[in-house]
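Next up, query_14.cif (mmCIF, N, CA and C atoms):
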data_target
loop_
_atom_site.label_atom_id
_atom_site.label_comp_id
_atom_site.auth_asym_id
_atom_site.auth_seq_id
_atom_site.Cartn_x
_atom_site.Cartn_y
_atom_site.Cartn_z
N MET I 1 18.42 -1.93 -14.72
CA MET I 1 17.51 -1.36 -13.73
C MET I 1 17.57 -2.21 -12.47
N LYS I 2 17.98 -1.63 -11.37
CA LYS I 2 18.07 -2.33 -10.10
C LYS I 2 16.90 -1.91 -9.21
N VAL I 3 16.09 -2.89 -8.81
CA VAL I 3 14.93 -2.64 -7.95
C VAL I 3 15.21 -3.24 -6.59
N ARG I 4 14.94 -2.46 -5.55
CA ARG I 4 15.03 -3.02 -4.20
C ARG I 4 13.96 -2.38 -3.33
N ILE I 5 13.61 -3.10 -2.26
CA ILE I 5 12.61 -2.63 -1.30
C ILE I 5 13.26 -2.61 0.06
N LYS I 6 13.00 -1.54 0.81
CA LYS I 6 13.60 -1.36 2.13
C LYS I 6 12.58 -0.76 3.08
N ASP I 7 12.92 -0.78 4.37
CA ASP I 7 12.11 -0.08 5.35
C ASP I 7 12.23 1.42 5.12
N GLY I 8 11.13 2.13 5.27
CA GLY I 8 11.15 3.57 5.15
C GLY I 8 11.78 4.23 6.37
N SER I 9 12.36 5.40 6.17
CA SER I 9 12.95 6.17 7.28
C SER I 9 12.62 7.64 7.08
N PHE I 10 12.85 8.43 8.13
CA PHE I 10 12.54 9.86 8.06
C PHE I 10 13.28 10.55 6.91
N THR I 11 14.44 10.05 6.53
CA THR I 11 15.17 10.66 5.43
C THR I 11 14.45 10.48 4.10
N ASP I 12 13.47 9.58 4.04
CA ASP I 12 12.70 9.34 2.82
C ASP I 12 11.47 10.25 2.71
N ALA I 13 11.12 10.97 3.76
CA ALA I 13 9.85 11.70 3.82
C ALA I 13 9.66 12.64 2.64
N SER I 14 10.64 13.43 2.33
CA SER I 14 10.51 14.41 1.25
C SER I 14 10.25 13.72 -0.09
N ASP I 15 10.99 12.66 -0.38
CA ASP I 15 10.80 11.94 -1.65
C ASP I 15 9.45 11.24 -1.71
N LEU I 16 8.98 10.70 -0.58
CA LEU I 16 7.67 10.06 -0.57
C LEU I 16 6.58 11.07 -0.87
N LYS I 17 6.71 12.26 -0.30
CA LYS I 17 5.71 13.31 -0.54
C LYS I 17 5.74 13.78 -1.99
N LYS I 18 6.88 13.75 -2.62
CA LYS I 18 6.98 14.15 -4.03
C LYS I 18 6.28 13.17 -4.96
N ILE I 19 6.37 11.88 -4.67
CA ILE I 19 5.74 10.91 -5.57
C ILE I 19 4.28 10.65 -5.22
N ASP I 20 3.84 11.07 -4.04
CA ASP I 20 2.46 10.84 -3.61
C ASP I 20 1.55 11.81 -4.35
N SER I 21 0.59 11.29 -5.09
CA SER I 21 -0.27 12.13 -5.92
C SER I 21 -1.25 12.99 -5.11
N VAL I 22 -1.35 12.77 -3.82
CA VAL I 22 -2.25 13.55 -2.97
C VAL I 22 -1.48 14.54 -2.10
N ALA I 23 -0.29 14.17 -1.66
CA ALA I 23 0.44 14.94 -0.64
C ALA I 23 0.75 16.38 -1.05
N SER I 24 1.00 16.63 -2.33
CA SER I 24 1.40 17.97 -2.75
C SER I 24 0.29 19.00 -2.50
N GLY I 25 -0.95 18.58 -2.57
CA GLY I 25 -2.05 19.51 -2.36
C GLY I 25 -2.82 19.27 -1.09
N ASN I 26 -2.31 18.38 -0.22
CA ASN I 26 -3.06 18.02 0.97
C ASN I 26 -2.12 17.89 2.16
N PRO I 27 -2.05 18.93 3.01
CA PRO I 27 -1.14 18.88 4.16
C PRO I 27 -1.42 17.71 5.11
N LYS I 28 -2.68 17.25 5.17
CA LYS I 28 -3.00 16.11 6.03
C LYS I 28 -2.29 14.85 5.55
N ARG I 29 -2.23 14.65 4.22
CA ARG I 29 -1.53 13.47 3.70
C ARG I 29 -0.04 13.58 3.98
N ALA I 30 0.52 14.77 3.80
CA ALA I 30 1.94 14.96 4.08
C ALA I 30 2.24 14.62 5.53
N GLN I 31 1.37 15.05 6.44
CA GLN I 31 1.55 14.73 7.86
C GLN I 31 1.38 13.24 8.10
N GLN I 32 0.45 12.63 7.38
CA GLN I 32 0.21 11.20 7.52
C GLN I 32 1.46 10.41 7.12
N ILE I 33 2.14 10.83 6.07
CA ILE I 33 3.37 10.17 5.66
C ILE I 33 4.40 10.24 6.79
N ASP I 34 4.54 11.41 7.42
CA ASP I 34 5.45 11.54 8.56
C ASP I 34 5.05 10.60 9.69
N ASP I 35 3.76 10.51 9.96
CA ASP I 35 3.27 9.62 11.03
C ASP I 35 3.57 8.16 10.71
N TRP I 36 3.33 7.76 9.47
CA TRP I 36 3.62 6.37 9.08
C TRP I 36 5.10 6.07 9.26
N LEU I 37 5.95 7.00 8.85
CA LEU I 37 7.39 6.78 9.00
C LEU I 37 7.77 6.69 10.48
N MET I 38 7.14 7.50 11.32
CA MET I 38 7.43 7.49 12.74
C MET I 38 7.08 6.13 13.37
N HIS I 39 6.06 5.48 12.82
CA HIS I 39 5.61 4.20 13.38
C HIS I 39 6.22 2.99 12.68
N ASP I 40 7.21 3.22 11.82
CA ASP I 40 7.93 2.11 11.17
C ASP I 40 7.03 1.14 10.42
N VAL I 41 6.07 1.67 9.67
CA VAL I 41 5.16 0.80 8.93
C VAL I 41 5.26 1.00 7.42
N VAL I 42 6.31 1.68 6.96
CA VAL I 42 6.45 2.01 5.54
C VAL I 42 7.53 1.14 4.90
N ARG I 43 7.21 0.61 3.72
CA ARG I 43 8.19 -0.06 2.87
C ARG I 43 8.35 0.79 1.62
N VAL I 44 9.58 0.99 1.19
CA VAL I 44 9.90 1.89 0.10
C VAL I 44 10.51 1.10 -1.04
N LEU I 45 10.04 1.34 -2.26
CA LEU I 45 10.58 0.70 -3.45
C LEU I 45 11.48 1.70 -4.17
N LEU I 46 12.68 1.25 -4.47
CA LEU I 46 13.65 2.09 -5.17
C LEU I 46 14.02 1.45 -6.50
N ILE I 47 14.16 2.27 -7.52
CA ILE I 47 14.71 1.84 -8.81
C ILE I 47 15.98 2.63 -9.00
N ASP I 48 17.08 1.91 -9.14
CA ASP I 48 18.39 2.55 -9.27
C ASP I 48 18.60 3.60 -8.17
N GLU I 49 18.19 3.22 -6.96
CA GLU I 49 18.34 4.03 -5.75
C GLU I 49 17.49 5.31 -5.73
N HIS I 50 16.50 5.41 -6.61
CA HIS I 50 15.55 6.52 -6.59
C HIS I 50 14.20 6.01 -6.09
N ILE I 51 13.64 6.68 -5.11
CA ILE I 51 12.35 6.27 -4.56
C ILE I 51 11.28 6.39 -5.64
N THR I 52 10.58 5.27 -5.85
CA THR I 52 9.60 5.18 -6.92
C THR I 52 8.22 4.79 -6.39
N GLY I 53 8.16 4.25 -5.18
CA GLY I 53 6.89 3.85 -4.61
C GLY I 53 7.01 3.54 -3.14
N TYR I 54 5.85 3.43 -2.49
CA TYR I 54 5.86 3.03 -1.09
C TYR I 54 4.55 2.34 -0.75
N ALA I 55 4.59 1.59 0.33
CA ALA I 55 3.41 0.91 0.85
C ALA I 55 3.42 1.01 2.37
N VAL I 56 2.22 1.00 2.94
CA VAL I 56 2.05 1.09 4.38
C VAL I 56 1.31 -0.15 4.86
N LEU I 57 1.89 -0.85 5.80
CA LEU I 57 1.30 -2.05 6.38
C LEU I 57 1.00 -1.79 7.85
N ASP I 58 -0.26 -2.01 8.24
CA ASP I 58 -0.61 -1.89 9.65
C ASP I 58 -1.49 -3.08 10.04
N ASN I 59 -1.91 -3.10 11.29
CA ASN I 59 -2.82 -4.16 11.73
C ASN I 59 -4.01 -3.56 12.48
N TYR I 60 -4.46 -2.40 12.03
CA TYR I 60 -5.58 -1.71 12.67
C TYR I 60 -6.94 -2.19 12.17
N PHE I 61 -6.97 -3.00 11.14
CA PHE I 61 -8.22 -3.49 10.57
C PHE I 61 -8.59 -4.80 11.28
N PHE I 62 -9.26 -4.67 12.40
CA PHE I 62 -9.67 -5.83 13.20
C PHE I 62 -8.49 -6.73 13.54
N HIS I 63 -7.33 -6.13 13.75
CA HIS I 63 -6.09 -6.81 14.13
C HIS I 63 -5.56 -7.75 13.04
N TYR I 64 -5.97 -7.53 11.81
CA TYR I 64 -5.41 -8.26 10.68
C TYR I 64 -4.42 -7.35 9.95
N ASP I 65 -3.45 -7.97 9.29
CA ASP I 65 -2.56 -7.19 8.45
C ASP I 65 -3.40 -6.48 7.39
N HIS I 66 -3.05 -5.22 7.14
CA HIS I 66 -3.86 -4.35 6.29
C HIS I 66 -2.95 -3.42 5.51
N ILE I 67 -3.09 -3.42 4.21
CA ILE I 67 -2.34 -2.49 3.37
C ILE I 67 -3.12 -1.18 3.37
N GLU I 68 -2.62 -0.23 4.14
CA GLU I 68 -3.32 1.05 4.26
C GLU I 68 -3.09 1.94 3.04
N MET I 69 -1.89 1.84 2.47
CA MET I 69 -1.57 2.70 1.33
C MET I 69 -0.61 1.98 0.40
N LEU I 70 -0.82 2.18 -0.88
CA LEU I 70 0.11 1.73 -1.91
C LEU I 70 0.20 2.89 -2.90
N MET I 71 1.40 3.39 -3.10
CA MET I 71 1.59 4.54 -3.99
C MET I 71 2.82 4.29 -4.86
N ILE I 72 2.62 4.43 -6.16
CA ILE I 72 3.70 4.32 -7.13
C ILE I 72 3.76 5.65 -7.87
N ALA I 73 4.96 6.16 -8.12
CA ALA I 73 5.12 7.40 -8.88
C ALA I 73 4.34 7.27 -10.19
N GLU I 74 3.64 8.31 -10.54
CA GLU I 74 2.73 8.25 -11.69
C GLU I 74 3.42 7.76 -12.96
N ALA I 75 4.62 8.21 -13.23
CA ALA I 75 5.33 7.82 -14.45
C ALA I 75 5.73 6.35 -14.46
N GLN I 76 5.69 5.69 -13.30
CA GLN I 76 6.13 4.30 -13.19
C GLN I 76 4.98 3.31 -13.04
N ARG I 77 3.75 3.79 -13.07
CA ARG I 77 2.60 2.91 -12.88
C ARG I 77 2.43 1.97 -14.07
N GLY I 78 1.83 0.81 -13.81
CA GLY I 78 1.58 -0.16 -14.87
C GLY I 78 2.77 -1.06 -15.16
N LYS I 79 3.79 -1.03 -14.31
CA LYS I 79 5.00 -1.83 -14.53
C LYS I 79 5.16 -2.95 -13.50
N ARG I 80 4.08 -3.26 -12.78
CA ARG I 80 4.05 -4.32 -11.77
C ARG I 80 4.89 -4.01 -10.52
N LEU I 81 5.20 -2.74 -10.32
CA LEU I 81 5.93 -2.34 -9.12
C LEU I 81 5.03 -2.43 -7.89
N GLY I 82 3.76 -2.09 -8.06
CA GLY I 82 2.80 -2.24 -6.96
C GLY I 82 2.69 -3.68 -6.53
N GLN I 83 2.69 -4.58 -7.48
CA GLN I 83 2.65 -6.00 -7.17
C GLN I 83 3.87 -6.40 -6.36
N MET I 84 5.04 -5.89 -6.73
CA MET I 84 6.25 -6.21 -5.98
C MET I 84 6.14 -5.75 -4.53
N LEU I 85 5.60 -4.55 -4.32
CA LEU I 85 5.45 -4.04 -2.96
C LEU I 85 4.44 -4.87 -2.16
N ILE I 86 3.33 -5.22 -2.78
CA ILE I 86 2.33 -6.03 -2.06
C ILE I 86 2.91 -7.40 -1.72
N GLU I 87 3.60 -8.03 -2.63
CA GLU I 87 4.21 -9.34 -2.34
C GLU I 87 5.24 -9.23 -1.22
N ASP I 88 5.95 -8.11 -1.17
CA ASP I 88 6.88 -7.87 -0.07
C ASP I 88 6.12 -7.79 1.26
N LEU I 89 5.01 -7.07 1.28
CA LEU I 89 4.20 -6.98 2.50
C LEU I 89 3.65 -8.33 2.91
N GLU I 90 3.25 -9.13 1.94
CA GLU I 90 2.72 -10.46 2.26
C GLU I 90 3.77 -11.31 2.96
N GLN I 91 5.03 -11.15 2.59
CA GLN I 91 6.11 -11.89 3.25
C GLN I 91 6.30 -11.44 4.70
N LEU I 92 5.93 -10.21 5.00
CA LEU I 92 6.05 -9.67 6.36
C LEU I 92 4.81 -9.96 7.21
N ALA I 93 3.79 -10.52 6.61
CA ALA I 93 2.50 -10.71 7.28
C ALA I 93 2.64 -11.52 8.56
N GLU I 94 1.88 -11.11 9.54
CA GLU I 94 1.82 -11.83 10.82
C GLU I 94 0.47 -12.48 11.03
N THR I 95 -0.46 -12.29 10.11
CA THR I 95 -1.78 -12.90 10.21
C THR I 95 -2.02 -13.75 8.97
N ASP I 96 -3.05 -14.58 9.03
CA ASP I 96 -3.31 -15.48 7.91
C ASP I 96 -4.18 -14.86 6.82
N LYS I 97 -4.55 -13.60 7.01
CA LYS I 97 -5.31 -12.86 6.01
C LYS I 97 -4.71 -11.47 5.87
N MET I 98 -4.76 -10.95 4.65
CA MET I 98 -4.32 -9.59 4.39
C MET I 98 -5.51 -8.84 3.78
N PHE I 99 -5.79 -7.67 4.32
CA PHE I 99 -6.89 -6.85 3.82
C PHE I 99 -6.34 -5.57 3.20
N THR I 100 -7.11 -5.01 2.30
CA THR I 100 -6.85 -3.68 1.75
C THR I 100 -8.16 -3.17 1.17
N SER I 101 -8.13 -1.95 0.67
CA SER I 101 -9.31 -1.40 0.02
C SER I 101 -8.88 -0.38 -1.01
N THR I 102 -9.80 -0.08 -1.90
CA THR I 102 -9.57 0.96 -2.90
C THR I 102 -10.91 1.52 -3.34
N ASN I 103 -10.88 2.71 -3.88
CA ASN I 103 -12.11 3.32 -4.37
C ASN I 103 -12.64 2.59 -5.60
N LEU I 104 -13.94 2.62 -5.77
CA LEU I 104 -14.58 2.04 -6.95
C LEU I 104 -14.01 2.66 -8.22
N SER I 105 -13.60 3.90 -8.17
CA SER I 105 -13.06 4.58 -9.36
C SER I 105 -11.63 4.16 -9.70
N ASN I 106 -10.94 3.44 -8.81
CA ASN I 106 -9.54 3.08 -9.03
C ASN I 106 -9.45 1.70 -9.70
N SER I 107 -9.74 1.68 -10.99
CA SER I 107 -9.77 0.41 -11.71
C SER I 107 -8.38 -0.22 -11.83
N MET I 108 -7.33 0.58 -11.87
CA MET I 108 -5.98 0.03 -11.97
C MET I 108 -5.64 -0.80 -10.72
N MET I 109 -5.97 -0.29 -9.55
CA MET I 109 -5.71 -1.03 -8.31
C MET I 109 -6.60 -2.26 -8.23
N GLN I 110 -7.85 -2.15 -8.67
CA GLN I 110 -8.73 -3.32 -8.66
C GLN I 110 -8.18 -4.44 -9.53
N ARG I 111 -7.67 -4.10 -10.71
CA ARG I 111 -7.08 -5.11 -11.59
C ARG I 111 -5.86 -5.75 -10.94
N LEU I 112 -5.02 -4.94 -10.33
CA LEU I 112 -3.83 -5.47 -9.64
C LEU I 112 -4.24 -6.46 -8.56
N LEU I 113 -5.15 -6.06 -7.71
CA LEU I 113 -5.56 -6.93 -6.60
C LEU I 113 -6.15 -8.24 -7.11
N SER I 114 -6.98 -8.16 -8.12
CA SER I 114 -7.59 -9.37 -8.68
C SER I 114 -6.51 -10.29 -9.27
N ARG I 115 -5.55 -9.70 -9.97
CA ARG I 115 -4.49 -10.48 -10.63
C ARG I 115 -3.65 -11.26 -9.62
N ILE I 116 -3.47 -10.72 -8.41
CA ILE I 116 -2.59 -11.37 -7.44
C ILE I 116 -3.34 -12.10 -6.33
N GLY I 117 -4.63 -12.38 -6.57
CA GLY I 117 -5.35 -13.29 -5.69
C GLY I 117 -6.20 -12.67 -4.60
N TYR I 118 -6.41 -11.37 -4.64
CA TYR I 118 -7.31 -10.74 -3.67
C TYR I 118 -8.74 -10.83 -4.21
N ARG I 119 -9.69 -10.93 -3.29
CA ARG I 119 -11.09 -10.99 -3.69
C ARG I 119 -11.88 -9.95 -2.89
N THR I 120 -12.95 -9.47 -3.49
CA THR I 120 -13.77 -8.48 -2.79
C THR I 120 -14.51 -9.16 -1.64
N CYS I 121 -14.67 -8.42 -0.57
CA CYS I 121 -15.39 -8.97 0.59
C CYS I 121 -16.30 -7.94 1.24
N GLY I 122 -16.48 -6.80 0.59
CA GLY I 122 -17.39 -5.81 1.13
C GLY I 122 -17.11 -4.43 0.56
N TYR I 123 -17.87 -3.47 1.00
CA TYR I 123 -17.64 -2.10 0.58
C TYR I 123 -18.10 -1.16 1.68
N ILE I 124 -17.60 0.06 1.62
CA ILE I 124 -17.92 1.08 2.61
C ILE I 124 -18.34 2.33 1.85
N ASP I 125 -19.52 2.82 2.14
CA ASP I 125 -20.00 4.08 1.57
C ASP I 125 -19.58 5.25 2.44
N GLU I 126 -19.55 6.42 1.83
CA GLU I 126 -19.43 7.70 2.51
C GLU I 126 -18.03 8.08 3.01
N ILE I 127 -17.00 7.29 2.74
CA ILE I 127 -15.65 7.78 3.01
C ILE I 127 -15.36 8.88 1.99
N ASP I 128 -15.55 8.55 0.73
CA ASP I 128 -15.51 9.52 -0.36
C ASP I 128 -16.90 9.47 -1.00
N PRO I 129 -17.80 10.38 -0.62
CA PRO I 129 -19.18 10.31 -1.13
C PRO I 129 -19.22 10.18 -2.66
N GLY I 130 -20.00 9.21 -3.11
CA GLY I 130 -20.15 8.97 -4.54
C GLY I 130 -19.09 8.04 -5.12
N ASP I 131 -18.12 7.64 -4.31
CA ASP I 131 -17.04 6.75 -4.78
C ASP I 131 -16.74 5.73 -3.68
N PRO I 132 -17.59 4.69 -3.57
CA PRO I 132 -17.45 3.74 -2.47
C PRO I 132 -16.08 3.08 -2.41
N GLU I 133 -15.71 2.70 -1.22
CA GLU I 133 -14.46 1.97 -0.97
C GLU I 133 -14.78 0.48 -1.05
N ILE I 134 -14.04 -0.25 -1.88
CA ILE I 134 -14.22 -1.70 -2.01
C ILE I 134 -13.17 -2.36 -1.13
N VAL I 135 -13.58 -3.28 -0.28
CA VAL I 135 -12.67 -3.98 0.62
C VAL I 135 -12.28 -5.31 -0.02
N TYR I 136 -10.99 -5.63 0.08
CA TYR I 136 -10.42 -6.85 -0.49
C TYR I 136 -9.73 -7.65 0.60
N VAL I 137 -9.68 -8.97 0.39
CA VAL I 137 -8.98 -9.87 1.31
C VAL I 137 -8.23 -10.92 0.50
N LYS I 138 -7.14 -11.38 1.06
CA LYS I 138 -6.41 -12.51 0.49
C LYS I 138 -6.06 -13.44 1.64
N ASN I 139 -6.39 -14.71 1.48
CA ASN I 139 -5.95 -15.71 2.44
C ASN I 139 -4.51 -16.04 2.13
N LEU I 140 -3.64 -15.85 3.11
CA LEU I 140 -2.22 -16.11 2.93
C LEU I 140 -1.90 -17.53 3.35
N LYS I 141 -0.83 -18.06 2.83
CA LYS I 141 -0.40 -19.39 3.25
C LYS I 141 -0.07 -19.35 4.72
N LYS I 142 -0.56 -20.31 5.44
CA LYS I 142 -0.39 -20.31 6.89
C LYS I 142 1.07 -20.37 7.32
N GLU I 143 1.94 -20.98 6.51
CA GLU I 143 3.35 -21.03 6.91
C GLU I 143 3.99 -19.65 6.89
N ASN I 144 3.39 -18.67 6.17
CA ASN I 144 3.90 -17.30 6.18
C ASN I 144 3.41 -16.51 7.37
N ALA I 145 2.32 -16.97 7.98
CA ALA I 145 1.70 -16.20 9.06
C ALA I 145 2.21 -16.68 10.41
N LYS I 146 2.36 -15.73 11.34
CA LYS I 146 2.84 -16.04 12.68
C LYS I 146 1.68 -16.28 13.64
N LYS I 147 0.47 -15.87 13.27
CA LYS I 147 -0.69 -16.03 14.15
C LYS I 147 -1.60 -17.10 13.58
#
Whole structure, structure tokens version:
Amino acid sequence: MKVRIKDGSFTDASDLKKIDSVASGNPKRAQQIDDWLMHDVVRVLLIDEHITGYAVLDNYFFHYDHIEMLMIAEAQRGKRLGQMLIEDLEQLAETDKMFTSTNLSNSMMQRLLSRIGYRTCGYIDEIDPGDPEIVYVKNLKKENAKK
């Protein structure tokens, strides 16, 4: 099994939408994937040259690096592929902190974040009513950060 991570490109759009558990039933998510690809903020994980996951890194969260999206194909979840993508993003970090968030109902993502050193730092109600968003932060090693 050969795993590699690369920058996303427009040629990946169709495959990203196929593995995204929301995009098939939500045209807004499908458009969002196109927008992320247009802004060069997508990293794609491939197993044996088949797209298996992706992550989106931006700096819109108070100008800190922020993992906006992490998606692994459903059949491949639980194999530490999400961890590989997050660690890849951490290497690209330009700030000394990395933020992300997940719904209270997403226990798998919460376990992943806790396992790799992220800690809760707040929550946001009403994005998904009845399922608050938990905000996480990780202090990165300063030698990795450019700011």
> Got a sec to resolve the PyMOL selection byres (((chain I and resi 54-60 and name CA) around 7) and name CA) on this structure and send the residues as a VMD selection string?
Replying inline: chain I and resid 41 to 45 53 61 to 72 85 89
> Contacts of Gln83 in chain I at 8 Å or less, counting only C-alpha atoms, minus same-chain residues fewer than 4 places along, as a ChimeraX atom specification?
Replying inline: /I:87,112,116
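Closest approach to Met98 in chain I from the set I:Ile127, I:Leu81, I:Ala75, I:Val137 is made by I:Val137, with distances taken over all atoms listed in the file.
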> Which protein, DNA or RNA residues are at most 10 Å from (-4.6, 1.5, -9.9) in the file's coordinates when you count only C-alpha atoms, listed as a ChimeraX atom specification?
Replying inline: /I:70-72,77-78,82,102-103,105-113
> as a PyMOL selection string, which residues of chain I does DSSP assign to alpha helix (DSSP H)?
Replying inline: chain I and resi 13-19+27-38+81-92+107-115
Which residues, named as in the file, does the PyMOL selection byres ((chain I and resi 124) around 6.5) pick out? Answer as a PDB file with N, CA and C atoms, in the frame of the given file.
ATOM      1  N   GLY I 122     -16.480  -6.800   0.590  1.00  0.00           N
ATOM      2  CA  GLY I 122     -17.390  -5.810   1.130  1.00  0.00           C
ATOM      3  C   GLY I 122     -17.110  -4.430   0.560  1.00  0.00           C
ATOM      4  N   TYR I 123     -17.870  -3.470   1.000  1.00  0.00           N
ATOM      5  CA  TYR I 123     -17.640  -2.100   0.580  1.00  0.00           C
ATOM      6  C   TYR I 123     -18.100  -1.160   1.680  1.00  0.00           C
ATOM      7  N   ASP I 125     -19.520   2.820   2.140  1.00  0.00           N
ATOM      8  CA  ASP I 125     -20.000   4.080   1.570  1.00  0.00           C
ATOM      9  C   ASP I 125     -19.580   5.250   2.440  1.00  0.00           C
ATOM     10  N   GLU I 126     -19.550   6.420   1.830  1.00  0.00           N
ATOM     11  CA  GLU I 126     -19.430   7.700   2.510  1.00  0.00           C
ATOM     12  C   GLU I 126     -18.030   8.080   3.010  1.00  0.00           C
ATOM     13  N   ILE I 127     -17.000   7.290   2.740  1.00  0.00           N
ATOM     14  CA  ILE I 127     -15.650   7.780   3.010  1.00  0.00           C
ATOM     15  C   ILE I 127     -15.360   8.880   1.990  1.00  0.00           C
ATOM     16  N   PRO I 132     -17.590   4.690  -3.570  1.00  0.00           N
ATOM     17  CA  PRO I 132     -17.450   3.740  -2.470  1.00  0.00           C
ATOM     18  C   PRO I 132     -16.080   3.080  -2.410  1.00  0.00           C
ATOM     19  N   GLU I 133     -15.710   2.700  -1.220  1.00  0.00           N
ATOM     20  CA  GLU I 133     -14.460   1.970  -0.970  1.00  0.00           C
ATOM     21  C   GLU I 133     -14.780   0.480  -1.050  1.00  0.00           C
ATOM     22  N   ILE I 134     -14.040  -0.250  -1.880  1.00  0.00           N
ATOM     23  CA  ILE I 134     -14.220  -1.700  -2.010  1.00  0.00           C
ATOM     24  C   ILE I 134     -13.170  -2.360  -1.130  1.00  0.00           C
ATOM     25  N   VAL I 135     -13.580  -3.280  -0.280  1.00  0.00           N
ATOM     26  CA  VAL I 135     -12.670  -3.980   0.620  1.00  0.00           C
ATOM     27  C   VAL I 135     -12.280  -5.310  -0.020  1.00  0.00           C
TER      28      VAL I 135
END
> So which residues are close to (-4.8, -14.2, 5.5), meaning at most 6 Å away in the file's coordinates with all atoms listed in the file counted, and can you show them as a list of chain:residue names?
Replying inline: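 Checking each residue against the 6 Å limit leaves I:Thr95, I:Asp96, I:Lys97, I:Met98, I:Lys138, I:Asn139, I:Leu140.
Between atom C of Leu104 in chain I and atom C of Asp131 in chain I there is a distance of 6.1 Å.
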>> Which residues would end up in the selection if the PyMOL selection byres ((chain I and resi 17-32) around 7) were applied here, given that I need the answer as a PyMOL selection string?
In response: chain I and resi 12-16+33-37+52+71-74
Find the axis-aligned box for range 82-94 of chain I, covering all its listed atoms and adding 4 Å on each side, and write its centre and edge lengths in Å to one decimal as AutoDock Vina command-line options.
--center_x 3.7 --center_y -7.3 --center_z 1.5 --size_x 14.4 --size_y 18.4 --size_z 27.1
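Straight-line separation from CA of Tyr136 in chain I to CA of Ser101 in chain I: 5.6 Å.
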> Mind pulling up the distance from CA of Arg115 in chain I to CA of Gln91 in chain I?
Replying inline: 17.5 Å
